[in-house]
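Visitor: What follows is a single structure, and I will ask about it in a moment.
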Amino acid sequence: MTEMVQSSAAQLPSSLEEIRALLAEIPDPEIPVITIEELGILRRVDRDGGRIVVTITPTYSGCPAMEMICGQIIDTLAANGIEDAQVKTVYSPAWTTDWMSEAAKAKLDAYGVAPPGSREAVLCPRCRSNDVRTVSSFGSTACKALMVCQACLEPFDWFKAI
Ligand SMILES: [Zn+2]
């Protein structure tokens, strides 16, 4: 547990839209080039009395990154003067890679992770060859498969479509 220091007496974010905008900036712990908003994890921000309730849908159940994301949401709110907050995890409807924005998919690709799509459509992020082979169905995390390009021999992660 880290000690939160209130940095300034700046105005507290007053609207739910402002709060959502703050949370939308939180990067995914595994793929820091995309935010939880772009991934489609951040579902809702509501007010329940004096409490802010943030609803998220995990990408893959048991993805250890989710705990980190919960912590970052609480920390971000606390840093903005919101102490009374709760993160609610909703599994239904289940997250699918369709919730990922096109911009997020392009960023993934630029980051060297093949974006979700059909297995046939996977291209090497380095040389764009489609001559790729699955090395392991579970890459650096359960969300990704480890692939290797037969053309340039570059190993890369593929964000599996679900
Ligand atoms: Zn390649």
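How things are named: the first chain in the structure tokens is A, the next is B, and so on; residues count from 1 in each chain; ligands count from 1 in the order shown.
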Residues at most 12 Å from A:Ile19, counting only C-alpha atoms, excluding those fewer than 4 positions away in the same chain, as a count of residues only?
Guide: 26
Visitor: Please write out the residues within 7 Å of ligand 1 as a ChimeraX atom specification, counting only C-alpha atoms and all ligand atoms.
Guide: /A:124-129,149-154
Visitor: Quick one: residues within 10 Å of A:Leu39, only C-alpha atoms, excluding same-chain residues fewer than 4 positions away - as a PyMOL selection string?
Guide: chain A and resi 24+27-28+31+34-35+58-59+95-105
Visitor: Here is a test: counting only C-alpha atoms, which residue of A:Val90, A:Leu16, A:Ala65, A:Val148 is nearest to A:Ala114?
Guide: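 Nearest to A:Ala114: A:Val148.
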Visitor: Once DSSP has gone over the backbone, tell me which residues of stretch 11-150 of chain A are in alpha helix (DSSP H), as a PyMOL selection string.
Guide: chain A and resi 16-23+36-39+65-79+102-111
Visitor: Go ahead and save the picked residues with N, CA and C atoms, as a compact mmCIF listing (two decimals), in the first residue's frame.
Guide:
# COMPACT_ATOMS: atom_id res chain seq x y z
N LEU A 16 -19.05 13.36 -13.52
CA LEU A 16 -18.66 11.98 -13.81
C LEU A 16 -17.85 11.92 -15.09
N GLU A 17 -18.14 12.84 -16.03
CA GLU A 17 -17.38 12.87 -17.28
C GLU A 17 -15.92 13.21 -17.02
N GLU A 18 -15.71 14.19 -16.10
CA GLU A 18 -14.34 14.57 -15.76
C GLU A 18 -13.60 13.41 -15.11
N ILE A 19 -14.30 12.72 -14.23
CA ILE A 19 -13.69 11.58 -13.54
C ILE A 19 -13.36 10.49 -14.54
N ARG A 20 -14.29 10.25 -15.45
CA ARG A 20 -14.04 9.21 -16.46
C ARG A 20 -12.84 9.58 -17.33
N ALA A 21 -12.72 10.87 -17.65
CA ALA A 21 -11.61 11.33 -18.47
C ALA A 21 -10.27 11.07 -17.77
N LEU A 22 -10.26 11.25 -16.44
CA LEU A 22 -9.03 10.97 -15.68
C LEU A 22 -8.68 9.49 -15.77
N LEU A 23 -9.69 8.65 -15.60
CA LEU A 23 -9.46 7.20 -15.59
C LEU A 23 -9.12 6.68 -16.97
N ILE A 36 -6.85 1.82 -20.65
CA ILE A 36 -7.94 0.90 -20.30
C ILE A 36 -9.24 1.31 -21.00
N GLU A 37 -9.32 2.60 -21.36
CA GLU A 37 -10.48 3.06 -22.12
C GLU A 37 -10.45 2.49 -23.55
N GLU A 38 -9.26 2.57 -24.17
CA GLU A 38 -9.13 2.06 -25.54
C GLU A 38 -9.32 0.55 -25.60
N LEU A 39 -8.91 -0.12 -24.54
CA LEU A 39 -9.07 -1.58 -24.49
C LEU A 39 -10.54 -1.97 -24.33
N ALA A 65 -3.29 -8.65 -14.40
CA ALA A 65 -3.23 -7.20 -14.62
C ALA A 65 -4.44 -6.49 -14.03
N MET A 66 -5.55 -7.21 -13.89
CA MET A 66 -6.77 -6.55 -13.41
C MET A 66 -6.61 -5.98 -12.01
N GLU A 67 -5.88 -6.71 -11.15
CA GLU A 67 -5.68 -6.21 -9.79
C GLU A 67 -4.88 -4.92 -9.82
N MET A 68 -3.91 -4.89 -10.71
CA MET A 68 -3.09 -3.69 -10.86
C MET A 68 -3.95 -2.54 -11.35
N ILE A 69 -4.84 -2.83 -12.30
CA ILE A 69 -5.72 -1.79 -12.84
C ILE A 69 -6.63 -1.24 -11.74
N CYS A 70 -7.19 -2.14 -10.92
CA CYS A 70 -8.04 -1.70 -9.80
C CYS A 70 -7.27 -0.74 -8.91
N GLY A 71 -6.04 -1.12 -8.58
CA GLY A 71 -5.20 -0.28 -7.73
C GLY A 71 -4.94 1.07 -8.36
N GLN A 72 -4.70 1.07 -9.66
CA GLN A 72 -4.41 2.34 -10.35
C GLN A 72 -5.63 3.24 -10.39
N ILE A 73 -6.81 2.63 -10.51
CA ILE A 73 -8.05 3.43 -10.51
C ILE A 73 -8.22 4.11 -9.16
N ILE A 74 -8.05 3.33 -8.09
CA ILE A 74 -8.19 3.89 -6.74
C ILE A 74 -7.14 4.98 -6.50
N ASP A 75 -5.90 4.71 -6.93
CA ASP A 75 -4.82 5.68 -6.74
C ASP A 75 -5.08 6.97 -7.53
N THR A 76 -5.56 6.82 -8.77
CA THR A 76 -5.83 7.99 -9.61
C THR A 76 -6.93 8.85 -8.98
N LEU A 77 -7.97 8.19 -8.48
CA LEU A 77 -9.06 8.93 -7.85
C LEU A 77 -8.55 9.63 -6.59
N ALA A 78 -7.77 8.90 -5.78
CA ALA A 78 -7.25 9.48 -4.53
C ALA A 78 -6.36 10.68 -4.83
N ALA A 79 -5.54 10.57 -5.89
CA ALA A 79 -4.65 11.66 -6.25
C ALA A 79 -5.44 12.89 -6.69
N GLU A 102 -10.30 0.58 -32.93
CA GLU A 102 -9.40 0.39 -34.06
C GLU A 102 -8.06 1.08 -33.79
N ALA A 103 -8.15 2.24 -33.13
CA ALA A 103 -6.93 2.98 -32.80
C ALA A 103 -6.05 2.14 -31.87
N ALA A 104 -6.70 1.44 -30.94
CA ALA A 104 -5.94 0.61 -30.00
C ALA A 104 -5.26 -0.53 -30.74
N LYS A 105 -5.97 -1.10 -31.72
CA LYS A 105 -5.38 -2.21 -32.49
C LYS A 105 -4.17 -1.73 -33.27
N ALA A 106 -4.27 -0.53 -33.83
CA ALA A 106 -3.14 0.03 -34.59
C ALA A 106 -1.95 0.28 -33.66
N LYS A 107 -2.24 0.75 -32.44
CA LYS A 107 -1.16 1.01 -31.47
C LYS A 107 -0.49 -0.30 -31.05
N LEU A 108 -1.31 -1.33 -30.88
CA LEU A 108 -0.78 -2.65 -30.52
C LEU A 108 0.22 -3.11 -31.58
N ASP A 109 -0.20 -2.99 -32.82
CA ASP A 109 0.62 -3.41 -33.95
C ASP A 109 1.94 -2.66 -33.97
N ALA A 110 1.86 -1.33 -33.75
CA ALA A 110 3.06 -0.51 -33.74
C ALA A 110 3.97 -0.88 -32.57
N TYR A 111 3.38 -1.39 -31.51
CA TYR A 111 4.12 -1.78 -30.31
C TYR A 111 4.79 -3.14 -30.49
